[in-house]
Amino acid sequence: SILRNAKDTVVVLAKGSGAKVIPCIKMIALLPGAILATWIYTKLASRFRRETVFHIIVTGFVAFFLFFTFWMYPNHEVLEINSFSPWMQSKFPSFPYYSNELFLGCNAMIEHWYCTLFYVISEVWSSMVIGVLFWGLSNELNTLNEAKRFYGVLNVGSTLASLVAGQTAIFFSQMFSQELSKQEIWQSNFEAQTILIEISTLIVMFLVHRLCTN
(Lines give C-alpha, C1' and ligand atoms only; values in the text may rest on other atoms or scores of the structure.)
Protein backbone atom coordinates (compact mmCIF):
# COMPACT_ATOMS: atom_id res chain seq x y z
CA SER A 1 0.00 0.00 0.00
CA ILE A 2 2.90 2.37 0.70
CA LEU A 3 4.34 1.60 -2.74
CA ARG A 4 0.95 2.09 -4.36
CA ASN A 5 0.86 5.64 -3.05
CA ALA A 6 4.57 6.34 -3.68
CA LYS A 7 4.65 5.20 -7.32
CA ASP A 8 1.86 7.58 -8.32
CA THR A 9 3.50 10.48 -6.50
CA VAL A 10 6.91 9.78 -8.07
CA VAL A 11 5.65 9.89 -11.67
CA VAL A 12 3.23 12.78 -11.16
CA LEU A 13 5.78 15.04 -9.43
CA ALA A 14 8.44 14.57 -12.13
CA LYS A 15 9.22 17.81 -13.96
CA GLY A 16 6.91 18.33 -16.94
CA SER A 17 4.91 15.25 -16.01
CA GLY A 18 1.52 15.04 -14.29
CA ALA A 19 -1.43 12.70 -14.06
CA LYS A 20 -1.47 12.38 -17.87
CA VAL A 21 1.57 10.09 -17.73
CA ILE A 22 -0.15 7.32 -15.74
CA PRO A 23 -2.45 6.06 -18.57
CA CYS A 24 0.55 6.00 -20.93
CA ILE A 25 2.60 3.90 -18.50
CA LYS A 26 -0.28 1.48 -18.02
CA MET A 27 -0.91 1.14 -21.78
CA ILE A 28 2.69 0.97 -23.02
CA ALA A 29 5.09 -0.06 -20.25
CA LEU A 30 3.13 -2.10 -17.72
CA LEU A 31 2.13 -5.00 -19.96
CA PRO A 32 5.69 -5.76 -21.20
CA GLY A 33 6.92 -5.46 -17.61
CA ALA A 34 4.31 -7.93 -16.38
CA ILE A 35 5.12 -10.38 -19.20
CA LEU A 36 8.84 -10.18 -18.42
CA ALA A 37 8.20 -10.69 -14.70
CA THR A 38 6.02 -13.72 -15.44
CA TRP A 39 8.71 -15.21 -17.68
CA ILE A 40 11.37 -14.73 -14.98
CA TYR A 41 9.09 -16.30 -12.36
CA THR A 42 8.35 -19.28 -14.60
CA LYS A 43 12.05 -19.88 -15.23
CA LEU A 44 12.90 -19.68 -11.53
CA ALA A 45 9.94 -21.84 -10.50
CA SER A 46 11.05 -24.59 -12.89
CA ARG A 47 14.52 -24.73 -11.31
CA PHE A 48 14.06 -23.94 -7.60
CA ARG A 49 11.63 -24.77 -4.83
CA ARG A 50 9.02 -22.19 -3.89
CA GLU A 51 10.81 -20.82 -0.82
CA THR A 52 14.00 -20.19 -2.82
CA VAL A 53 12.01 -18.49 -5.59
CA PHE A 54 10.36 -16.29 -2.98
CA HIS A 55 13.70 -15.16 -1.53
CA ILE A 56 15.32 -14.57 -4.94
CA ILE A 57 12.49 -12.44 -6.29
CA VAL A 58 11.89 -10.47 -3.09
CA THR A 59 15.62 -9.78 -2.76
CA GLY A 60 15.65 -8.43 -6.31
CA PHE A 61 12.76 -6.09 -5.56
CA VAL A 62 14.31 -4.92 -2.29
CA ALA A 63 17.64 -4.18 -4.01
CA PHE A 64 15.93 -2.17 -6.75
CA PHE A 65 13.86 -0.07 -4.35
CA LEU A 66 16.97 0.80 -2.35
CA PHE A 67 18.93 1.64 -5.51
CA PHE A 68 16.11 3.79 -6.88
CA THR A 69 15.46 5.69 -3.65
CA PHE A 70 19.03 6.46 -2.70
CA TRP A 71 20.72 6.80 -6.10
CA MET A 72 18.45 7.02 -9.13
CA TYR A 73 15.85 9.41 -7.71
CA PRO A 74 18.32 11.88 -6.13
CA ASN A 75 20.33 11.90 -9.40
CA HIS A 76 17.33 12.18 -11.69
CA GLU A 77 18.74 15.14 -13.61
CA VAL A 78 21.57 12.94 -14.90
CA LEU A 79 19.17 10.19 -15.97
CA GLU A 80 16.52 12.25 -17.75
CA ILE A 81 16.22 12.00 -21.54
CA ASN A 82 15.46 15.57 -22.57
CA SER A 83 16.12 15.08 -26.26
CA PHE A 84 13.13 12.91 -27.21
CA SER A 85 10.60 15.67 -27.92
CA PRO A 86 13.09 17.91 -29.85
CA TRP A 87 14.18 14.86 -31.85
CA MET A 88 10.58 14.03 -32.72
CA GLN A 89 9.88 17.59 -33.79
CA SER A 90 13.02 17.71 -35.96
CA LYS A 91 12.26 14.38 -37.66
CA PHE A 92 8.50 14.80 -37.99
CA PRO A 93 7.79 18.56 -38.09
CA SER A 94 4.32 18.07 -39.57
CA PHE A 95 3.13 15.74 -36.80
CA PRO A 96 -0.03 17.49 -35.56
CA TYR A 97 -0.31 16.09 -32.02
CA TYR A 98 2.67 17.52 -30.13
CA SER A 99 0.31 19.38 -27.80
CA ASN A 100 -1.98 16.38 -27.38
CA GLU A 101 -2.29 15.05 -23.81
CA LEU A 102 -1.47 11.51 -24.94
CA PHE A 103 1.75 12.60 -26.66
CA LEU A 104 2.75 14.77 -23.70
CA GLY A 105 2.16 11.83 -21.38
CA CYS A 106 4.23 9.48 -23.55
CA ASN A 107 6.97 12.10 -23.78
CA ALA A 108 7.06 12.41 -19.97
CA MET A 109 7.08 8.61 -19.66
CA ILE A 110 10.20 8.38 -21.86
CA GLU A 111 11.91 11.48 -20.49
CA HIS A 112 11.52 10.24 -16.91
CA TRP A 113 12.14 6.59 -17.71
CA TYR A 114 13.51 5.89 -14.24
CA CYS A 115 10.14 6.93 -12.72
CA THR A 116 8.38 4.74 -15.28
CA LEU A 117 10.59 1.82 -14.25
CA PHE A 118 9.78 2.42 -10.58
CA TYR A 119 6.05 2.56 -11.37
CA VAL A 120 6.13 -0.70 -13.33
CA ILE A 121 8.22 -2.59 -10.76
CA SER A 122 5.98 -1.35 -7.94
CA GLU A 123 2.93 -2.65 -9.82
CA VAL A 124 4.62 -5.98 -10.47
CA TRP A 125 5.60 -6.16 -6.77
CA SER A 126 1.94 -5.91 -5.82
CA SER A 127 0.74 -8.60 -8.21
CA MET A 128 3.68 -11.00 -8.10
CA VAL A 129 4.97 -10.89 -4.53
CA ILE A 130 1.59 -10.61 -2.83
CA GLY A 131 -0.73 -12.17 -5.37
CA VAL A 132 1.47 -15.07 -6.52
CA LEU A 133 4.38 -15.71 -4.15
CA PHE A 134 2.76 -14.95 -0.79
CA TRP A 135 -0.52 -16.73 -1.39
CA GLY A 136 1.19 -19.59 -3.25
CA LEU A 137 3.53 -20.13 -0.32
CA SER A 138 0.62 -19.86 2.12
CA ASN A 139 -1.31 -22.55 0.23
CA GLU A 140 1.74 -24.79 0.31
CA LEU A 141 2.40 -24.37 4.03
CA ASN A 142 -1.17 -24.43 5.39
CA THR A 143 -3.62 -27.28 5.45
CA LEU A 144 -7.26 -26.74 4.48
CA ASN A 145 -8.34 -26.45 8.12
CA GLU A 146 -5.56 -23.96 8.87
CA ALA A 147 -6.54 -21.93 5.81
CA LYS A 148 -10.10 -21.62 7.12
CA ARG A 149 -8.73 -20.25 10.40
CA PHE A 150 -6.07 -17.85 9.13
CA TYR A 151 -6.98 -16.62 5.64
CA GLY A 152 -9.80 -14.43 6.90
CA VAL A 153 -7.42 -12.72 9.30
CA LEU A 154 -4.88 -12.22 6.50
CA ASN A 155 -7.52 -10.62 4.27
CA VAL A 156 -8.54 -8.25 7.05
CA GLY A 157 -4.87 -7.39 7.55
CA SER A 158 -4.42 -6.56 3.85
CA THR A 159 -7.45 -4.26 4.04
CA LEU A 160 -6.12 -2.46 7.11
CA ALA A 161 -2.75 -2.04 5.38
CA SER A 162 -4.13 0.79 3.22
CA LEU A 163 -5.18 2.72 6.32
CA VAL A 164 -1.83 2.13 8.00
CA ALA A 165 0.05 3.19 4.85
CA GLY A 166 -1.83 6.49 4.70
CA GLN A 167 -1.18 7.25 8.36
CA THR A 168 2.48 6.31 7.94
CA ALA A 169 2.89 8.79 5.10
CA ILE A 170 1.25 11.53 7.19
CA PHE A 171 3.48 10.72 10.16
CA PHE A 172 6.68 10.93 8.13
CA SER A 173 5.55 14.16 6.46
CA GLN A 174 4.96 15.80 9.84
CA MET A 175 8.22 14.47 11.25
CA PHE A 176 10.46 16.50 8.95
CA SER A 177 11.16 20.18 9.42
CA GLN A 178 8.77 22.56 7.69
CA GLU A 179 11.78 24.75 6.91
CA LEU A 180 12.65 22.33 4.14
CA SER A 181 11.25 22.78 0.65
CA LYS A 182 8.33 20.62 -0.45
CA GLN A 183 10.66 18.58 -2.67
CA GLU A 184 13.09 17.98 0.23
CA ILE A 185 10.24 16.98 2.55
CA TRP A 186 8.93 14.54 -0.07
CA GLN A 187 12.43 13.12 -0.66
CA SER A 188 12.98 12.56 3.08
CA ASN A 189 9.49 11.08 3.41
CA PHE A 190 10.12 8.76 0.47
CA GLU A 191 13.45 7.57 1.89
CA ALA A 192 11.91 6.90 5.32
CA GLN A 193 9.05 4.91 3.78
CA THR A 194 11.48 2.89 1.68
CA ILE A 195 13.54 2.00 4.76
CA LEU A 196 10.33 0.92 6.51
CA ILE A 197 9.43 -1.27 3.52
CA GLU A 198 12.89 -2.85 3.52
CA ILE A 199 12.76 -3.63 7.26
CA SER A 200 9.27 -5.11 6.97
CA THR A 201 10.33 -7.20 3.98
CA LEU A 202 13.38 -8.57 5.78
CA ILE A 203 11.19 -9.56 8.73
CA VAL A 204 8.77 -11.35 6.38
CA MET A 205 11.66 -13.15 4.65
CA PHE A 206 12.97 -14.31 8.04
CA LEU A 207 9.53 -15.56 9.08
CA VAL A 208 9.08 -17.40 5.78
CA HIS A 209 12.44 -19.07 6.23
CA ARG A 210 11.52 -20.16 9.77
CA LEU A 211 8.14 -21.51 8.63
CA CYS A 212 9.67 -23.44 5.76
CA THR A 213 12.41 -25.00 7.89
CA ASN A 214 10.10 -26.12 10.72
# chains A, B, ... in the order shown; residues from 1 in each chain; ligands from 1
$ closest_atom_pairs --of "stretch 23-73 of chain A" --to "stretch 113-135 of chain A" --cutoff "10 Å" --atoms "only C-alpha atoms" --output "CSV"
residue,atom,partner,partner_atom,distance
A:Cys24,CA,A:Thr116,CA,9.7
A:Ile25,CA,A:Thr116,CA,6.7
A:Lys26,CA,A:Val120,CA,8.2
A:Ala29,CA,A:Val120,CA,7.0
A:Leu30,CA,A:Val120,CA,5.5
A:Leu31,CA,A:Val120,CA,8.9
A:Pro32,CA,A:Val120,CA,9.4
A:Gly33,CA,A:Val120,CA,6.4
A:Ala34,CA,A:Val124,CA,6.2
A:Ile35,CA,A:Val124,CA,9.8
A:Leu36,CA,A:Val124,CA,9.9
A:Ala37,CA,A:Val124,CA,7.3
A:Thr38,CA,A:Met128,CA,8.2
A:Tyr41,CA,A:Met128,CA,8.7
A:Arg50,CA,A:Leu133,CA,8.0
A:Glu51,CA,A:Leu133,CA,8.9
A:Val53,CA,A:Leu133,CA,8.3
A:Phe54,CA,A:Leu133,CA,6.1
A:His55,CA,A:Leu133,CA,9.7
A:Ile57,CA,A:Val129,CA,7.9
A:Val58,CA,A:Val129,CA,7.1
A:Phe61,CA,A:Trp125,CA,7.3
A:Val62,CA,A:Trp125,CA,9.9
A:Phe64,CA,A:Phe118,CA,8.6
A:Phe65,CA,A:Phe118,CA,7.9
A:Phe68,CA,A:Phe118,CA,7.5
A:Thr69,CA,A:Phe118,CA,9.5
A:Met72,CA,A:Tyr114,CA,7.2
A:Tyr73,CA,A:Tyr114,CA,7.8
$ write_last_selection --atoms "N, CA, C and O atoms" --output "mmCIF file, in the first residue's frame"
data_model
loop_
_atom_site.group_PDB
_atom_site.id
_atom_site.type_symbol
_atom_site.label_atom_id
_atom_site.label_comp_id
_atom_site.auth_asym_id
_atom_site.auth_seq_id
_atom_site.Cartn_x
_atom_site.Cartn_y
_atom_site.Cartn_z
ATOM 1 N N CYS A 24 -0.464 6.414 -19.948
ATOM 2 C CA CYS A 24 0.553 6.000 -20.927
ATOM 3 C C CYS A 24 1.411 4.868 -20.379
ATOM 4 O O CYS A 24 1.724 3.906 -21.092
ATOM 5 N N ILE A 25 1.792 4.964 -19.117
ATOM 6 C CA ILE A 25 2.596 3.898 -18.501
ATOM 7 C C ILE A 25 1.811 2.595 -18.475
ATOM 8 O O ILE A 25 2.340 1.526 -18.794
ATOM 9 N N LYS A 26 0.536 2.691 -18.112
ATOM 10 C CA LYS A 26 -0.280 1.482 -18.019
ATOM 11 C C LYS A 26 -0.511 0.850 -19.388
ATOM 12 O O LYS A 26 -0.551 -0.379 -19.516
ATOM 13 N N ALA A 29 3.968 0.527 -20.990
ATOM 14 C CA ALA A 29 5.091 -0.057 -20.249
ATOM 15 C C ALA A 29 4.698 -1.192 -19.319
ATOM 16 O O ALA A 29 5.487 -2.122 -19.099
ATOM 17 N N LEU A 30 3.491 -1.138 -18.761
ATOM 18 C CA LEU A 30 3.132 -2.096 -17.723
ATOM 19 C C LEU A 30 2.967 -3.513 -18.252
ATOM 20 O O LEU A 30 3.430 -4.481 -17.624
ATOM 21 N N LEU A 31 2.340 -3.660 -19.413
ATOM 22 C CA LEU A 31 2.131 -5.002 -19.961
ATOM 23 C C LEU A 31 3.446 -5.714 -20.275
ATOM 24 O O LEU A 31 3.639 -6.867 -19.856
ATOM 25 N N PRO A 32 4.391 -5.084 -20.998
ATOM 26 C CA PRO A 32 5.689 -5.763 -21.204
ATOM 27 C C PRO A 32 6.404 -6.087 -19.892
ATOM 28 O O PRO A 32 7.031 -7.142 -19.776
ATOM 29 N N GLY A 33 6.299 -5.188 -18.905
ATOM 30 C CA GLY A 33 6.917 -5.457 -17.611
ATOM 31 C C GLY A 33 6.302 -6.668 -16.923
ATOM 32 O O GLY A 33 7.018 -7.492 -16.342
ATOM 33 N N ALA A 34 4.981 -6.790 -16.997
ATOM 34 C CA ALA A 34 4.307 -7.930 -16.383
ATOM 35 C C ALA A 34 4.655 -9.235 -17.098
ATOM 36 O O ALA A 34 4.849 -10.280 -16.456
ATOM 37 N N ILE A 35 4.746 -9.178 -18.431
ATOM 38 C CA ILE A 35 5.118 -10.380 -19.197
ATOM 39 C C ILE A 35 6.538 -10.813 -18.856
ATOM 40 O O ILE A 35 6.809 -12.002 -18.644
ATOM 41 N N LEU A 36 7.462 -9.853 -18.776
ATOM 42 C CA LEU A 36 8.844 -10.180 -18.421
ATOM 43 C C LEU A 36 8.928 -10.764 -17.019
ATOM 44 O O LEU A 36 9.643 -11.760 -16.791
ATOM 45 N N ALA A 37 8.189 -10.185 -16.070
ATOM 46 C CA ALA A 37 8.200 -10.694 -14.698
ATOM 47 C C ALA A 37 7.641 -12.117 -14.638
ATOM 48 O O ALA A 37 8.174 -12.976 -13.908
ATOM 49 N N THR A 38 6.598 -12.377 -15.405
ATOM 50 C CA THR A 38 6.016 -13.724 -15.437
ATOM 51 C C THR A 38 6.999 -14.734 -16.020
ATOM 52 O O THR A 38 7.127 -15.863 -15.529
ATOM 53 N N TYR A 41 9.648 -15.436 -13.406
ATOM 54 C CA TYR A 41 9.092 -16.303 -12.355
ATOM 55 C C TYR A 41 8.967 -17.739 -12.833
ATOM 56 O O TYR A 41 9.302 -18.683 -12.095
ATOM 57 N N ARG A 50 9.787 -23.429 -4.039
ATOM 58 C CA ARG A 50 9.017 -22.189 -3.890
ATOM 59 C C ARG A 50 9.659 -21.211 -2.901
ATOM 60 O O ARG A 50 9.683 -20.003 -3.130
ATOM 61 N N GLU A 51 10.192 -21.719 -1.795
ATOM 62 C CA GLU A 51 10.813 -20.815 -0.821
ATOM 63 C C GLU A 51 12.003 -20.085 -1.437
ATOM 64 O O GLU A 51 12.186 -18.876 -1.240
ATOM 65 N N VAL A 53 12.531 -19.447 -4.619
ATOM 66 C CA VAL A 53 12.013 -18.485 -5.591
ATOM 67 C C VAL A 53 11.529 -17.223 -4.876
ATOM 68 O O VAL A 53 11.791 -16.096 -5.321
ATOM 69 N N PHE A 54 10.852 -17.424 -3.765
ATOM 70 C CA PHE A 54 10.356 -16.288 -2.977
ATOM 71 C C PHE A 54 11.506 -15.380 -2.566
ATOM 72 O O PHE A 54 11.461 -14.156 -2.758
ATOM 73 N N HIS A 55 12.569 -15.957 -2.015
ATOM 74 C CA HIS A 55 13.696 -15.161 -1.526
ATOM 75 C C HIS A 55 14.444 -14.477 -2.677
ATOM 76 O O HIS A 55 14.871 -13.317 -2.545
ATOM 77 N N ILE A 57 13.275 -13.532 -5.704
ATOM 78 C CA ILE A 57 12.490 -12.443 -6.293
ATOM 79 C C ILE A 57 12.354 -11.272 -5.328
ATOM 80 O O ILE A 57 12.531 -10.107 -5.717
ATOM 81 N N VAL A 58 12.053 -11.561 -4.065
ATOM 82 C CA VAL A 58 11.890 -10.474 -3.094
ATOM 83 C C VAL A 58 13.202 -9.725 -2.900
ATOM 84 O O VAL A 58 13.214 -8.490 -2.791
ATOM 85 N N PHE A 61 13.595 -7.267 -5.745
ATOM 86 C CA PHE A 61 12.762 -6.088 -5.565
ATOM 87 C C PHE A 61 13.348 -5.153 -4.508
ATOM 88 O O PHE A 61 13.409 -3.933 -4.702
ATOM 89 N N VAL A 62 13.757 -5.720 -3.381
ATOM 90 C CA VAL A 62 14.314 -4.920 -2.291
ATOM 91 C C VAL A 62 15.548 -4.151 -2.764
ATOM 92 O O VAL A 62 15.712 -2.954 -2.476
ATOM 93 N N PHE A 64 16.305 -3.245 -5.825
ATOM 94 C CA PHE A 64 15.934 -2.169 -6.754
ATOM 95 C C PHE A 64 15.365 -0.968 -6.019
ATOM 96 O O PHE A 64 15.713 0.187 -6.337
ATOM 97 N N PHE A 65 14.466 -1.187 -5.061
ATOM 98 C CA PHE A 65 13.857 -0.068 -4.347
ATOM 99 C C PHE A 65 14.906 0.752 -3.599
ATOM 100 O O PHE A 65 14.828 1.984 -3.557
ATOM 101 N N PHE A 68 16.894 2.692 -6.333
ATOM 102 C CA PHE A 68 16.111 3.788 -6.884
ATOM 103 C C PHE A 68 16.012 4.945 -5.898
ATOM 104 O O PHE A 68 16.210 6.111 -6.262
ATOM 105 N N THR A 69 15.707 4.638 -4.647
ATOM 106 C CA THR A 69 15.457 5.686 -3.652
ATOM 107 C C THR A 69 16.711 6.484 -3.320
ATOM 108 O O THR A 69 16.656 7.715 -3.197
ATOM 109 N N MET A 72 19.095 6.590 -7.890
ATOM 110 C CA MET A 72 18.447 7.017 -9.131
ATOM 111 C C MET A 72 17.606 8.277 -8.923
ATOM 112 O O MET A 72 17.729 9.241 -9.683
ATOM 113 N N TYR A 73 16.753 8.268 -7.912
ATOM 114 C CA TYR A 73 15.853 9.407 -7.710
ATOM 115 C C TYR A 73 16.603 10.685 -7.337
ATOM 116 O O TYR A 73 16.323 11.754 -7.899
#
$ residues_around --residues "stretch 109-111 of chain A" --least-positions-apart "2" --cutoff "7 Å" --atoms "only C-alpha atoms" --output "list in words"
Val21, Ile25, Glu80, Ile81, Asn82, Phe84, Gly105, Cys106, Asn107, Trp113 and Thr116 of chain A
$ atom_distance --atom1 "atom CA of A:Asn145" --atom2 "atom CA of A:Ser200"
27.7 Å
$ atom_distance --atom1 "atom CA of A:Leu196" --atom2 "atom CA of A:Leu3"
11.0 Å
$ closest_residue --among "A:Met27, A:Gln193, A:Glu198, A:Thr42" --to "A:Val164" --atoms "only C-alpha atoms"
A:Gln193
$ closest_residue --among "A:Pro74, A:Gly18, A:Pro23, A:Gly60" --to "A:Ser188" --atoms "only C-alpha atoms"
A:Pro74
$ closest_residue --among "A:Ile170, A:Lys182, A:Ile197, A:His112" --to "A:Asn75" --atoms "only C-alpha atoms"
A:His112
$ select_by_dssp --residues "stretch 16-93 of chain A" --states "alpha helix (DSSP H)" --output "VMD selection string"
chain A and resid 21 to 24 30 to 45 50 to 67 76 to 79 84 to 91
$ atom_distance --atom1 "atom CA of A:Ala19" --atom2 "atom CA of A:Ser83"
21.5 Å
